[in-house]
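Pasted below: coords25.pdb, PDB, C-alpha atoms.
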```pdb
ATOM      1  CA  MET A   1      14.122  -7.836   9.199
ATOM      2  CA  HIS A   2      15.402  -4.333   8.539
ATOM      3  CA  GLU A   3      18.445  -5.657   6.665
ATOM      4  CA  ARG A   4      16.324  -8.080   4.635
ATOM      5  CA  LEU A   5      13.842  -5.362   3.716
ATOM      6  CA  ALA A   6      16.641  -2.919   2.888
ATOM      7  CA  LYS A   7      18.188  -5.517   0.589
ATOM      8  CA  LEU A   8      14.857  -6.102  -1.131
ATOM      9  CA  ALA A   9      14.338  -2.359  -1.532
ATOM     10  CA  LYS A  10      17.581  -2.138  -3.489
ATOM     11  CA  THR A  11      16.645  -4.898  -5.936
ATOM     12  CA  SER A  12      15.137  -4.203  -9.338
ATOM     13  CA  GLU A  13      11.388  -4.185  -9.906
ATOM     14  CA  GLN A  14      11.767  -7.436 -11.815
ATOM     15  CA  GLU A  15      13.618  -9.191  -9.002
ATOM     16  CA  MET A  16      11.642  -7.893  -6.038
ATOM     17  CA  ASN A  17       9.320 -10.357  -4.316
ATOM     18  CA  LEU A  18       6.290  -8.198  -3.526
ATOM     19  CA  ALA A  19       4.687 -10.605  -1.063
ATOM     20  CA  GLU A  20       7.956 -11.099   0.824
ATOM     21  CA  ALA A  21       8.473  -7.337   1.134
ATOM     22  CA  ALA A  22       4.899  -6.831   2.381
ATOM     23  CA  LEU A  23       5.362  -9.569   4.984
ATOM     24  CA  LEU A  24       8.684  -8.139   6.136
ATOM     25  CA  ILE A  25       6.917  -4.827   6.724
ATOM     26  CA  ALA A  26       4.403  -6.673   8.911
ATOM     27  CA  MET A  27       7.237  -7.829  11.184
ATOM     28  CA  ASP A  28       7.305  -4.388  12.788
ATOM     29  CA  GLU A  29       3.927  -5.256  14.304
ATOM     30  CA  TYR A  30       4.499  -9.028  14.516
ATOM     31  CA  PRO A  31       8.195  -9.580  15.409
ATOM     32  CA  GLY A  32       7.897 -13.375  15.463
ATOM     33  CA  LEU A  33       6.220 -13.573  12.062
ATOM     34  CA  ASP A  34       7.299 -16.552   9.954
ATOM     35  CA  VAL A  35       7.580 -14.872   6.563
ATOM     36  CA  ASP A  36       8.498 -18.051   4.714
ATOM     37  CA  ALA A  37       5.474 -19.886   6.125
ATOM     38  CA  TYR A  38       3.146 -17.224   4.724
ATOM     39  CA  LEU A  39       4.926 -17.318   1.369
ATOM     40  CA  ARG A  40       4.277 -21.074   1.322
ATOM     41  CA  GLN A  41       0.625 -20.343   2.095
ATOM     42  CA  ILE A  42       0.434 -18.195  -1.043
ATOM     43  CA  ASP A  43       2.124 -21.013  -2.975
ATOM     44  CA  GLU A  44      -0.526 -23.409  -1.665
ATOM     45  CA  LEU A  45      -3.344 -21.102  -2.747
ATOM     46  CA  ALA A  46      -1.917 -21.079  -6.265
ATOM     47  CA  THR A  47      -1.520 -24.851  -6.245
ATOM     48  CA  SER A  48      -5.158 -25.255  -5.227
ATOM     49  CA  VAL A  49      -6.268 -23.062  -8.119
ATOM     50  CA  GLN A  50      -4.026 -24.975 -10.516
ATOM     51  CA  GLN A  51      -5.590 -28.267  -9.455
ATOM     52  CA  ARG A  52      -9.039 -26.912 -10.307
ATOM     53  CA  LEU A  53      -8.118 -25.746 -13.793
ATOM     54  CA  PRO A  54      -9.186 -27.724 -16.862
ATOM     55  CA  ALA A  55      -6.516 -28.986 -19.193
ATOM     56  CA  GLN A  56      -5.091 -26.303 -21.488
ATOM     57  CA  ALA A  57      -6.859 -23.597 -19.496
ATOM     58  CA  GLY A  58      -6.717 -20.172 -21.076
ATOM     59  CA  LEU A  59      -6.575 -16.764 -19.454
ATOM     60  CA  GLU A  60     -10.336 -16.474 -19.012
ATOM     61  CA  ASP A  61     -10.686 -19.944 -17.452
ATOM     62  CA  THR A  62      -7.814 -19.247 -15.096
ATOM     63  CA  LEU A  63      -9.287 -15.933 -13.944
ATOM     64  CA  VAL A  64     -12.742 -17.416 -13.398
ATOM     65  CA  THR A  65     -11.257 -20.292 -11.404
ATOM     66  CA  LEU A  66      -9.032 -17.925  -9.400
ATOM     67  CA  ASN A  67     -12.000 -15.734  -8.486
ATOM     68  CA  GLN A  68     -14.152 -18.719  -7.577
ATOM     69  CA  PHE A  69     -11.461 -20.194  -5.354
ATOM     70  CA  LEU A  70     -10.279 -17.039  -3.567
ATOM     71  CA  PHE A  71     -13.538 -15.176  -3.129
ATOM     72  CA  VAL A  72     -16.117 -17.964  -2.914
ATOM     73  CA  GLU A  73     -14.395 -21.088  -1.613
ATOM     74  CA  GLN A  74     -11.794 -19.355   0.546
ATOM     75  CA  GLY A  75     -13.999 -16.389   1.401
ATOM     76  CA  PHE A  76     -11.549 -13.540   0.859
ATOM     77  CA  SER A  77     -13.440 -10.246   0.837
ATOM     78  CA  GLY A  78     -13.165  -6.534   1.416
ATOM     79  CA  ASP A  79     -13.487  -5.437   5.031
ATOM     80  CA  THR A  80     -16.503  -3.162   4.759
ATOM     81  CA  ASP A  81     -17.228  -3.321   8.510
ATOM     82  CA  ASP A  82     -13.911  -1.903   9.752
ATOM     83  CA  TYR A  83     -12.104  -0.704   6.646
ATOM     84  CA  ASP A  84      -9.658   1.452   8.636
ATOM     85  CA  ASP A  85      -8.481  -1.407  10.875
ATOM     86  CA  PRO A  86      -4.644  -1.404  10.720
ATOM     87  CA  ARG A  87      -4.715  -5.194  10.412
ATOM     88  CA  ASN A  88      -6.079  -4.766   6.892
ATOM     89  CA  SER A  89      -2.681  -3.377   5.854
ATOM     90  CA  PHE A  90      -0.707  -6.416   7.064
ATOM     91  CA  LEU A  91      -0.521  -9.262   4.563
ATOM     92  CA  ASN A  92      -0.319 -11.967   7.233
ATOM     93  CA  GLU A  93      -3.515 -10.684   8.850
ATOM     94  CA  VAL A  94      -5.297 -10.569   5.501
ATOM     95  CA  LEU A  95      -4.256 -14.172   4.807
ATOM     96  CA  ASP A  96      -5.385 -15.251   8.289
ATOM     97  CA  ARG A  97      -8.619 -13.259   8.535
ATOM     98  CA  LYS A  98      -9.430 -13.283   4.801
ATOM     99  CA  ARG A  99     -10.412  -9.639   5.101
ATOM    100  CA  GLY A 100      -8.537  -6.699   3.685
ATOM    101  CA  ILE A 101      -8.522  -3.417   1.838
ATOM    102  CA  PRO A 102      -8.142  -3.071  -1.936
ATOM    103  CA  ILE A 103      -4.337  -2.921  -1.960
ATOM    104  CA  THR A 104      -3.638  -5.920   0.278
ATOM    105  CA  LEU A 105      -6.273  -8.068  -1.425
ATOM    106  CA  SER A 106      -4.757  -7.007  -4.752
ATOM    107  CA  ILE A 107      -1.284  -8.065  -3.617
ATOM    108  CA  ILE A 108      -2.581 -11.520  -2.758
ATOM    109  CA  TYR A 109      -4.523 -11.659  -6.023
ATOM    110  CA  MET A 110      -1.474 -10.667  -8.075
ATOM    111  CA  GLU A 111       0.883 -12.967  -6.196
ATOM    112  CA  VAL A 112      -1.369 -16.006  -6.580
ATOM    113  CA  GLY A 113      -1.962 -15.025 -10.209
ATOM    114  CA  ARG A 114       1.767 -14.674 -10.860
ATOM    115  CA  ARG A 115       2.300 -18.242  -9.701
ATOM    116  CA  LEU A 116      -0.338 -19.294 -12.238
ATOM    117  CA  GLY A 117       1.319 -17.386 -15.060
ATOM    118  CA  LEU A 118      -1.236 -14.570 -15.122
ATOM    119  CA  PRO A 119       0.240 -11.218 -16.235
ATOM    120  CA  LEU A 120      -1.542  -9.178 -13.561
ATOM    121  CA  LYS A 121      -0.387  -5.677 -12.679
ATOM    122  CA  GLY A 122      -1.370  -3.305  -9.908
ATOM    123  CA  VAL A 123      -3.057   0.025 -10.582
ATOM    124  CA  SER A 124      -2.831   2.929  -8.112
ATOM    125  CA  PHE A 125      -6.245   4.244  -9.060
ATOM    126  CA  PRO A 126      -7.345   7.259  -6.976
ATOM    127  CA  GLY A 127      -8.999   6.115  -3.775
ATOM    128  CA  HIS A 128      -9.144   2.444  -4.697
ATOM    129  CA  PHE A 129      -6.320   0.097  -5.729
ATOM    130  CA  LEU A 130      -7.123  -2.151  -8.698
ATOM    131  CA  VAL A 131      -5.562  -4.878 -10.846
ATOM    132  CA  LYS A 132      -5.330  -5.075 -14.624
ATOM    133  CA  PHE A 133      -4.061  -7.251 -17.443
ATOM    134  CA  SER A 134      -3.643  -6.685 -21.165
ATOM    135  CA  THR A 135      -5.330  -8.515 -24.014
ATOM    136  CA  ARG A 136      -5.341  -8.033 -27.780
ATOM    137  CA  GLU A 137      -8.591  -6.136 -27.415
ATOM    138  CA  GLY A 138      -7.222  -3.817 -24.730
ATOM    139  CA  GLU A 139      -6.788  -3.669 -20.979
ATOM    140  CA  VAL A 140      -9.110  -5.404 -18.550
ATOM    141  CA  VAL A 141      -9.458  -3.931 -15.042
ATOM    142  CA  LEU A 142     -10.476  -6.017 -12.026
ATOM    143  CA  ASP A 143     -11.389  -5.172  -8.432
ATOM    144  CA  PRO A 144     -10.204  -7.799  -5.894
ATOM    145  CA  PHE A 145     -11.961  -5.851  -3.115
ATOM    146  CA  SER A 146     -15.246  -6.762  -4.821
ATOM    147  CA  GLY A 147     -14.493 -10.397  -5.575
ATOM    148  CA  GLY A 148     -12.388  -9.801  -8.667
ATOM    149  CA  SER A 149     -15.264  -8.124 -10.475
ATOM    150  CA  LEU A 150     -14.726  -6.666 -13.941
ATOM    151  CA  MET A 151     -14.605  -2.862 -14.001
ATOM    152  CA  SER A 152     -16.217  -1.044 -16.911
ATOM    153  CA  LYS A 153     -15.340   2.492 -17.953
ATOM    154  CA  GLU A 154     -18.542   3.638 -16.270
ATOM    155  CA  ASP A 155     -17.495   1.915 -13.033
ATOM    156  CA  LEU A 156     -14.126   3.670 -13.114
ATOM    157  CA  VAL A 157     -15.689   7.065 -13.756
ATOM    158  CA  GLU A 158     -18.064   6.469 -10.850
ATOM    159  CA  MET A 159     -15.050   5.711  -8.629
ATOM    160  CA  LEU A 160     -13.438   8.957  -9.709
ATOM    161  CA  GLU A 161     -16.606  10.872  -8.878
ATOM    162  CA  GLU A 162     -16.728   9.246  -5.439
ATOM    163  CA  THR A 163     -13.120  10.311  -4.828
ATOM    164  CA  TYR A 164     -13.163  13.808  -6.311
ATOM    165  CA  GLY A 165     -16.846  14.671  -6.176
ATOM    166  CA  ALA A 166     -19.756  14.446  -8.580
ATOM    167  CA  SER A 167     -18.475  17.472 -10.506
ATOM    168  CA  THR A 168     -15.803  15.311 -12.150
ATOM    169  CA  ASP A 169     -16.066  15.591 -15.937
ATOM    170  CA  SER A 170     -16.442  11.931 -16.848
ATOM    171  CA  THR A 171     -15.915  12.620 -20.526
ATOM    172  CA  SER A 172     -12.441  14.065 -20.005
ATOM    173  CA  ALA A 173     -11.255  11.963 -17.055
ATOM    174  CA  PRO A 174      -7.745  10.747 -17.988
ATOM    175  CA  LEU A 175      -8.527   7.092 -17.404
ATOM    176  CA  GLU A 176      -5.616   5.788 -19.441
ATOM    177  CA  ARG A 177      -3.124   7.758 -17.363
ATOM    178  CA  LEU A 178      -4.828   6.752 -14.117
ATOM    179  CA  LEU A 179      -4.628   3.090 -15.146
ATOM    180  CA  THR A 180      -0.851   3.100 -15.549
ATOM    181  CA  ALA A 181       0.727   0.016 -13.981
ATOM    182  CA  ALA A 182       2.209   0.633 -10.527
ATOM    183  CA  GLY A 183       5.706  -0.546  -9.685
ATOM    184  CA  LYS A 184       6.228  -2.857  -6.724
ATOM    185  CA  LYS A 185       7.918  -0.176  -4.618
ATOM    186  CA  GLU A 186       5.066   2.201  -5.414
ATOM    187  CA  ILE A 187       2.607  -0.456  -4.256
ATOM    188  CA  LEU A 188       4.471  -0.968  -0.977
ATOM    189  CA  VAL A 189       4.608   2.773  -0.317
ATOM    190  CA  ARG A 190       0.879   3.159  -0.966
ATOM    191  CA  MET A 191       0.187   0.268   1.408
ATOM    192  CA  LEU A 192       2.377   1.891   4.047
ATOM    193  CA  ARG A 193       0.671   5.263   3.616
ATOM    194  CA  ASN A 194      -2.684   3.600   4.232
ATOM    195  CA  LEU A 195      -1.232   2.126   7.419
ATOM    196  CA  LYS A 196       0.266   5.460   8.466
ATOM    197  CA  GLY A 197      -3.127   7.105   8.076
ATOM    198  CA  ALA A 198      -4.838   4.408  10.137
ATOM    199  CA  TYR A 199      -2.312   4.874  12.943
ATOM    200  CA  LEU A 200      -2.537   8.668  12.894
ATOM    201  CA  ARG A 201      -6.328   8.576  13.083
ATOM    202  CA  ARG A 202      -5.902   6.429  16.203
ATOM    203  CA  GLU A 203      -3.207   8.770  17.568
ATOM    204  CA  ARG A 204      -0.689   5.923  17.624
ATOM    205  CA  TYR A 205       2.149   8.257  16.776
ATOM    206  CA  GLU A 206       5.100   6.001  17.587
ATOM    207  CA  LYS A 207       3.785   3.361  15.215
ATOM    208  CA  ALA A 208       3.233   5.987  12.526
ATOM    209  CA  LEU A 209       6.885   7.015  12.907
ATOM    210  CA  THR A 210       7.998   3.443  12.237
ATOM    211  CA  VAL A 211       5.829   3.328   9.130
ATOM    212  CA  ILE A 212       7.373   6.536   7.792
ATOM    213  CA  ASP A 213      10.840   5.084   8.354
ATOM    214  CA  ARG A 214       9.813   2.073   6.245
ATOM    215  CA  ILE A 215       8.520   4.349   3.480
ATOM    216  CA  LEU A 216      11.811   6.223   3.418
ATOM    217  CA  LEU A 217      13.717   2.947   3.382
ATOM    218  CA  ILE A 218      11.889   1.876   0.222
ATOM    219  CA  GLN A 219      11.722   5.306  -1.446
ATOM    220  CA  PRO A 220      14.165   7.737   0.226
ATOM    221  CA  ASP A 221      13.200  10.690  -1.969
ATOM    222  CA  GLN A 222       9.879  11.475  -0.285
ATOM    223  CA  PRO A 223       9.948  15.040   1.124
ATOM    224  CA  ASP A 224       6.316  14.891   2.264
ATOM    225  CA  GLU A 225       7.133  11.934   4.509
ATOM    226  CA  ILE A 226      10.013  13.845   6.091
ATOM    227  CA  ARG A 227       7.652  16.771   6.735
ATOM    228  CA  ASP A 228       5.020  14.451   8.216
ATOM    229  CA  ARG A 229       7.630  12.841  10.436
ATOM    230  CA  GLY A 230       8.561  16.324  11.659
ATOM    231  CA  ARG A 231       4.939  16.982  12.565
ATOM    232  CA  ILE A 232       4.765  13.737  14.525
ATOM    233  CA  TYR A 233       8.036  14.469  16.314
ATOM    234  CA  GLU A 234       6.686  17.901  17.217
ATOM    235  CA  HIS A 235       3.495  16.350  18.570
ATOM    236  CA  LEU A 236       5.608  13.956  20.668
ATOM    237  CA  GLU A 237       7.681  16.913  21.913
ATOM    238  CA  CYS A 238      10.828  15.605  20.209
ATOM    239  CA  PHE A 239      11.631  19.155  19.212
ATOM    240  CA  ARG A 240      15.183  18.743  17.929
ATOM    241  CA  ALA A 241      14.179  15.862  15.656
ATOM    242  CA  ALA A 242      11.171  17.861  14.442
ATOM    243  CA  LEU A 243      13.377  20.858  13.670
ATOM    244  CA  GLU A 244      15.781  18.724  11.649
ATOM    245  CA  ASP A 245      12.963  17.216   9.604
ATOM    246  CA  TYR A 246      11.339  20.581   8.810
ATOM    247  CA  GLN A 247      14.723  21.921   7.722
ATOM    248  CA  SER A 248      15.359  18.860   5.568
ATOM    249  CA  TYR A 249      11.912  19.223   4.023
ATOM    250  CA  LEU A 250      12.593  22.809   2.950
ATOM    251  CA  MET A 251      15.994  21.867   1.554
ATOM    252  CA  LEU A 252      14.335  19.220  -0.609
ATOM    253  CA  ARG A 253      11.291  21.310  -1.517
ATOM    254  CA  PRO A 254      12.029  25.011  -0.987
ATOM    255  CA  GLY A 255       9.140  26.157  -3.170
ATOM    256  CA  ALA A 256       6.488  23.982  -1.561
ATOM    257  CA  GLY A 257       3.050  25.475  -1.081
ATOM    258  CA  ASP A 258       3.316  24.966   2.661
ATOM    259  CA  ALA A 259       6.855  26.401   2.868
ATOM    260  CA  PRO A 260       5.682  29.509   4.820
ATOM    261  CA  ASP A 261       4.140  27.257   7.468
ATOM    262  CA  ALA A 262       7.330  25.162   7.626
ATOM    263  CA  HIS A 263       9.394  28.322   8.096
ATOM    264  CA  ARG A 264       7.131  29.371  10.963
ATOM    265  CA  ARG A 265       7.457  25.980  12.583
ATOM    266  CA  ILE A 266      11.247  26.142  12.256
ATOM    267  CA  ALA A 267      11.371  29.584  13.888
ATOM    268  CA  GLU A 268       9.210  28.431  16.804
ATOM    269  CA  LEU A 269      11.130  25.174  17.222
ATOM    270  CA  LYS A 270      14.477  26.977  17.238
ATOM    271  CA  GLN A 271      13.222  29.076  20.143
ATOM    272  CA  ILE A 272      11.960  26.004  21.977
ATOM    273  CA  VAL A 273      15.237  24.128  21.443
ATOM    274  CA  ALA A 274      17.254  27.162  22.590
ATOM    275  CA  ASN A 275      15.260  27.214  25.821
ATOM    276  CA  LEU A 276      16.015  23.520  26.352
ATOM    277  CA  ASN A 277      19.778  24.117  26.358
TER     278      ASN A 277
END
```

The structure in this file should be written as structure tokens.
Amino acid sequence: MHERLAKLAKTSEQEMNLAEAALLIAMDEYPGLDVDAYLRQIDELATSVQQRLPAQAGLEDTLVTLNQFLFVEQGFSGDTDDYDDPRNSFLNEVLDRKRGIPITLSIIYMEVGRRLGLPLKGVSFPGHFLVKFSTREGEVVLDPFSGGSLMSKEDLVEMLEETYGASTDSTSAPLERLLTAAGKKEILVRMLRNLKGAYLRRERYEKALTVIDRILLIQPDQPDEIRDRGRIYEHLECFRAALEDYQSYLMLRPGAGDAPDAHRRIAELKQIVANLN
């Protein structure tokens, strides 16, 4: 799994299979996972939508049919009861349970759409992952977490206010910049960070360490992840590993705002490690 994921991580954005990469990540939690079987399941979802389309279906017909099939017939929906459940970050669980968070539902939505020829792209909107596509009239933004609903400018501003607070200036919110298409590796890293947070809130530190290793496999240049791994190592009393990560963090980001704290941690850890010898 590690070799297969590492190989995928080195491919271009164009060549990377997003669903395959997301399923390979799930193998850390589900070692016997049949990745190819779940990829066929996504193929079958697309085939079912295709069979429901009228002849010469256009973009609008295809989207309406896709939404009807996934969110009404199949019952995919956002998990509003237990949003923070780690299972919502594993694509196999979302396909099995038909419950997920915005980013995993969006991956399924985009992957089924891609098989139908829909030019859907992911959007790392603050606090809530979305999907968009371009038309002659402009960009259309959709929310798979809410059944593929169309997002107006007012809806997006409201989301920003929920994330940053009601003081957000809706007239100057940089919506165009916030709606920039996310690359596949960026999508995977955001999914993994959601999972890392869910594990940390449950104090499942060993699992969070594995998630950070996957993030660094996909995007090695992530100093914050190295710092966070150091914090987890320190919590687990793996002091030498924690010391190395704090030192690496400062080498990569010497002027970081939390550099003074990192220096303090390094000084304390050096003393602890010296006493271990």

**Request:** Enumerate, as an NGL selection string, the residues matched when the PyMOL selection byres ((chain A and resi 106) around 8) is run on the file above.
**Result:** :A and (102-105 or 107-110 or 122 or 129-131 or 143-145)

**Message:** Need the shell around A:Leu276: protein/DNA/RNA residues with any atom at most 10 Å away, counting all atoms listed in the file. Skip same-chain ones fewer than 3 positions apart. Format as a PyMOL selection string?
**Reply:** chain A and resi 239-240+270-273

**Message:** Using only C-alpha atoms, which protein or nucleic acid residues come within 9 Å of A:Ser124? Drop anything in the same chain fewer than 6 positions from it, and give the result as a list in words.
**Reply:**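 That gives Ile103, Leu130, Val131, Leu178, Leu179, Thr180, Ala181, Ala182, Glu186, Ile187 and Arg190 of chain A.
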
**Item:** Among the residues A:Arg115, A:Asp224, A:Ser149, A:Leu91, the one that comes closest to A:Ala256 [using all atoms listed in the file]
**Value:**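 With all atoms listed in the file as the atom set, the closest residue is A:Asp224.
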
Produce a table with one row for each residue of stretch 176-245 of chain A that has an atom at most 9 Å from any atom of stretch 8-32 of chain A, each row naming the nearest atom pair and its distance in Å at one decimal; use only C-alpha atoms; arrange rows by chain and rising residue number; format as a tab-separated table.
```
residue	atom	partner	partner_atom	distance
A:Gly183	CA	A:Glu13	CA	6.8
A:Lys184	CA	A:Glu13	CA	6.2
A:Lys185	CA	A:Ala9	CA	7.5
A:Ile187	CA	A:Leu18	CA	8.6
A:Leu188	CA	A:Ala22	CA	6.8
A:Met191	CA	A:Ala22	CA	8.6
A:Leu192	CA	A:Ile25	CA	8.5
A:Lys207	CA	A:Glu29	CA	8.7
A:Thr210	CA	A:Asp28	CA	7.9
A:Val211	CA	A:Ile25	CA	8.6
A:Arg214	CA	A:Ile25	CA	7.5
A:Leu217	CA	A:Ala9	CA	7.3
A:Ile218	CA	A:Ala9	CA	5.2
A:Gln219	CA	A:Ala9	CA	8.1
```

Residues from the last selection, C-alpha atoms, saved as an mmCIF file, keeping the file's coordinate frame:
```
data_model
loop_
_atom_site.group_PDB
_atom_site.id
_atom_site.type_symbol
_atom_site.label_atom_id
_atom_site.label_comp_id
_atom_site.auth_asym_id
_atom_site.auth_seq_id
_atom_site.Cartn_x
_atom_site.Cartn_y
_atom_site.Cartn_z
ATOM 1 C CA GLY A 183 5.706 -0.546 -9.685
ATOM 2 C CA LYS A 184 6.228 -2.857 -6.724
ATOM 3 C CA LYS A 185 7.918 -0.176 -4.618
ATOM 4 C CA ILE A 187 2.607 -0.456 -4.256
ATOM 5 C CA LEU A 188 4.471 -0.968 -0.977
ATOM 6 C CA MET A 191 0.187 0.268 1.408
ATOM 7 C CA LEU A 192 2.377 1.891 4.047
ATOM 8 C CA LYS A 207 3.785 3.361 15.215
ATOM 9 C CA THR A 210 7.998 3.443 12.237
ATOM 10 C CA VAL A 211 5.829 3.328 9.130
ATOM 11 C CA ARG A 214 9.813 2.073 6.245
ATOM 12 C CA LEU A 217 13.717 2.947 3.382
ATOM 13 C CA ILE A 218 11.889 1.876 0.222
ATOM 14 C CA GLN A 219 11.722 5.306 -1.446
#
```

**Test item: which residues lie within 12 Å of (-1.2, 1.6, 13.7) counting all atoms listed in the file, as an NGL selection string** = :A and (26 or 28-29 or 84-90 or 192-212)

**Message:** Set the distance at 8 Å and use only C-alpha atoms: which residues neighbour A:Gly127 once local chain neighbours fewer than 2 positions away are removed? I'd like the list as a list in words.
**Reply:**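 Everything that qualifies: Phe125, Phe129, Met159, Leu160 and Thr163 of chain A.
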
**Message:** As a check of understanding, name the residues that the PyMOL selection byres ((chain A and resi 43) around 12) selects in the supplied structure, as a count of residues only.
**Reply:** 23

**Message:** Please report the interatomic distance between atom CA of A:Leu59 and atom CA of A:Ile101 in Å with one decimal.
**Reply:**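 Computed distance, atom CA of A:Leu59 to atom CA of A:Ile101, equals 25.2 Å.
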
**Explicit residue set for the PyMOL selection byres ((chain A and resi 133) around 7), as number ranges by chain** = A: 119-121, 132, 134-135, 139-141

I need the residues from that last selection saved to file as a PDB file, in the frame of the given file (with C-alpha atoms), if you can.
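The result, written out as again-v2.pdb:
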```pdb
ATOM      1  CA  PRO A 119       0.240 -11.218 -16.235  1.00  0.00           C
ATOM      2  CA  LEU A 120      -1.542  -9.178 -13.561  1.00  0.00           C
ATOM      3  CA  LYS A 121      -0.387  -5.677 -12.679  1.00  0.00           C
ATOM      4  CA  LYS A 132      -5.330  -5.075 -14.624  1.00  0.00           C
ATOM      5  CA  SER A 134      -3.643  -6.685 -21.165  1.00  0.00           C
ATOM      6  CA  THR A 135      -5.330  -8.515 -24.014  1.00  0.00           C
ATOM      7  CA  GLU A 139      -6.788  -3.669 -20.979  1.00  0.00           C
ATOM      8  CA  VAL A 140      -9.110  -5.404 -18.550  1.00  0.00           C
ATOM      9  CA  VAL A 141      -9.458  -3.931 -15.042  1.00  0.00           C
TER      10      VAL A 141
END
```

As AutoDock Vina command-line options, please: the centre and edge lengths in Å, to one decimal, of an axis-aligned box enclosing every listed atom of stretch 73-88 of chain A with 4 Å added on each side.
```
--center_x -10.9 --center_y -9.8 --center_z 4.6 --size_x 20.6 --size_y 30.5 --size_z 20.5
```

**Prompt:** So how far away is atom CA of A:Arg136 from atom CA of A:Thr62, in Å?
**Reply:** 17.1 Å

**Request:** Would you list the contacts of A:Ala262 as a PyMOL selection string, taking every protein, DNA or RNA residue within 12 Å and counting all atoms listed in the file, but skipping same-chain residues closer than 4 positions in sequence?
**Result:** chain A and resi 224+226-228+230-231+242-251+253-258+266-269

Any chance you can output those residues with C-alpha atoms as a PDB file, in the coordinates of the input?
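Listing of result-v1.pdb after writing:
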```
ATOM      1  CA  ASP A 224       6.316  14.891   2.264  1.00  0.00           C
ATOM      2  CA  ILE A 226      10.013  13.845   6.091  1.00  0.00           C
ATOM      3  CA  ARG A 227       7.652  16.771   6.735  1.00  0.00           C
ATOM      4  CA  ASP A 228       5.020  14.451   8.216  1.00  0.00           C
ATOM      5  CA  GLY A 230       8.561  16.324  11.659  1.00  0.00           C
ATOM      6  CA  ARG A 231       4.939  16.982  12.565  1.00  0.00           C
ATOM      7  CA  ALA A 242      11.171  17.861  14.442  1.00  0.00           C
ATOM      8  CA  LEU A 243      13.377  20.858  13.670  1.00  0.00           C
ATOM      9  CA  GLU A 244      15.781  18.724  11.649  1.00  0.00           C
ATOM     10  CA  ASP A 245      12.963  17.216   9.604  1.00  0.00           C
ATOM     11  CA  TYR A 246      11.339  20.581   8.810  1.00  0.00           C
ATOM     12  CA  GLN A 247      14.723  21.921   7.722  1.00  0.00           C
ATOM     13  CA  SER A 248      15.359  18.860   5.568  1.00  0.00           C
ATOM     14  CA  TYR A 249      11.912  19.223   4.023  1.00  0.00           C
ATOM     15  CA  LEU A 250      12.593  22.809   2.950  1.00  0.00           C
ATOM     16  CA  MET A 251      15.994  21.867   1.554  1.00  0.00           C
ATOM     17  CA  ARG A 253      11.291  21.310  -1.517  1.00  0.00           C
ATOM     18  CA  PRO A 254      12.029  25.011  -0.987  1.00  0.00           C
ATOM     19  CA  GLY A 255       9.140  26.157  -3.170  1.00  0.00           C
ATOM     20  CA  ALA A 256       6.488  23.982  -1.561  1.00  0.00           C
ATOM     21  CA  GLY A 257       3.050  25.475  -1.081  1.00  0.00           C
ATOM     22  CA  ASP A 258       3.316  24.966   2.661  1.00  0.00           C
ATOM     23  CA  ILE A 266      11.247  26.142  12.256  1.00  0.00           C
ATOM     24  CA  ALA A 267      11.371  29.584  13.888  1.00  0.00           C
ATOM     25  CA  GLU A 268       9.210  28.431  16.804  1.00  0.00           C
ATOM     26  CA  LEU A 269      11.130  25.174  17.222  1.00  0.00           C
TER      27      LEU A 269
END
```

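The gap separating atom CA of A:Asp221 from atom CA of A:His2 is 18.5 Å, in Å to one decimal.
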
**Complete:** Of A:Leu118, A:Leu156, A:Leu33, A:Leu95, the one nearest to A:Ala57 when counting all atoms listed in the file is A:Leu118

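Distance check against A:Gly117 using only C-alpha atoms: of A:Pro260, A:Val189, A:Leu66, A:Pro174, the minimum falls on A:Leu66.
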
Since the input has fewer atoms than a full residue there, write stretch 81-89 of chain A out with N, CA and C atoms, as a JSON list (two decimals), in the frame of the given file.
```
[["chain", "number", "residue", "atom", "x", "y", "z"],
["A", 81, "ASP", "N", -16.78, -3.63, 7.15],
["A", 81, "ASP", "CA", -17.23, -3.32, 8.51],
["A", 81, "ASP", "C", -16.24, -2.43, 9.24],
["A", 82, "ASP", "N", -14.94, -2.69, 9.06],
["A", 82, "ASP", "CA", -13.91, -1.90, 9.75],
["A", 82, "ASP", "C", -12.76, -1.66, 8.79],
["A", 83, "TYR", "N", -13.05, -0.93, 7.73],
["A", 83, "TYR", "CA", -12.10, -0.70, 6.65],
["A", 83, "TYR", "C", -10.78, -0.14, 7.15],
["A", 84, "ASP", "N", -10.84, 0.72, 8.15],
["A", 84, "ASP", "CA", -9.66, 1.45, 8.64],
["A", 84, "ASP", "C", -8.85, 0.66, 9.66],
["A", 85, "ASP", "N", -9.22, -0.56, 9.93],
["A", 85, "ASP", "CA", -8.48, -1.41, 10.88],
["A", 85, "ASP", "C", -7.05, -1.58, 10.37],
["A", 86, "PRO", "N", -6.03, -1.24, 11.17],
["A", 86, "PRO", "CA", -4.64, -1.40, 10.72],
["A", 86, "PRO", "C", -4.31, -2.82, 10.27],
["A", 87, "ARG", "N", -5.00, -3.82, 10.81],
["A", 87, "ARG", "CA", -4.72, -5.19, 10.41],
["A", 87, "ARG", "C", -4.95, -5.43, 8.92],
["A", 88, "ASN", "N", -5.80, -4.60, 8.32],
["A", 88, "ASN", "CA", -6.08, -4.77, 6.89],
["A", 88, "ASN", "C", -4.89, -4.38, 6.02],
["A", 89, "SER", "N", -3.88, -3.76, 6.61],
["A", 89, "SER", "CA", -2.68, -3.38, 5.85],
["A", 89, "SER", "C", -1.53, -4.36, 6.05]]
```
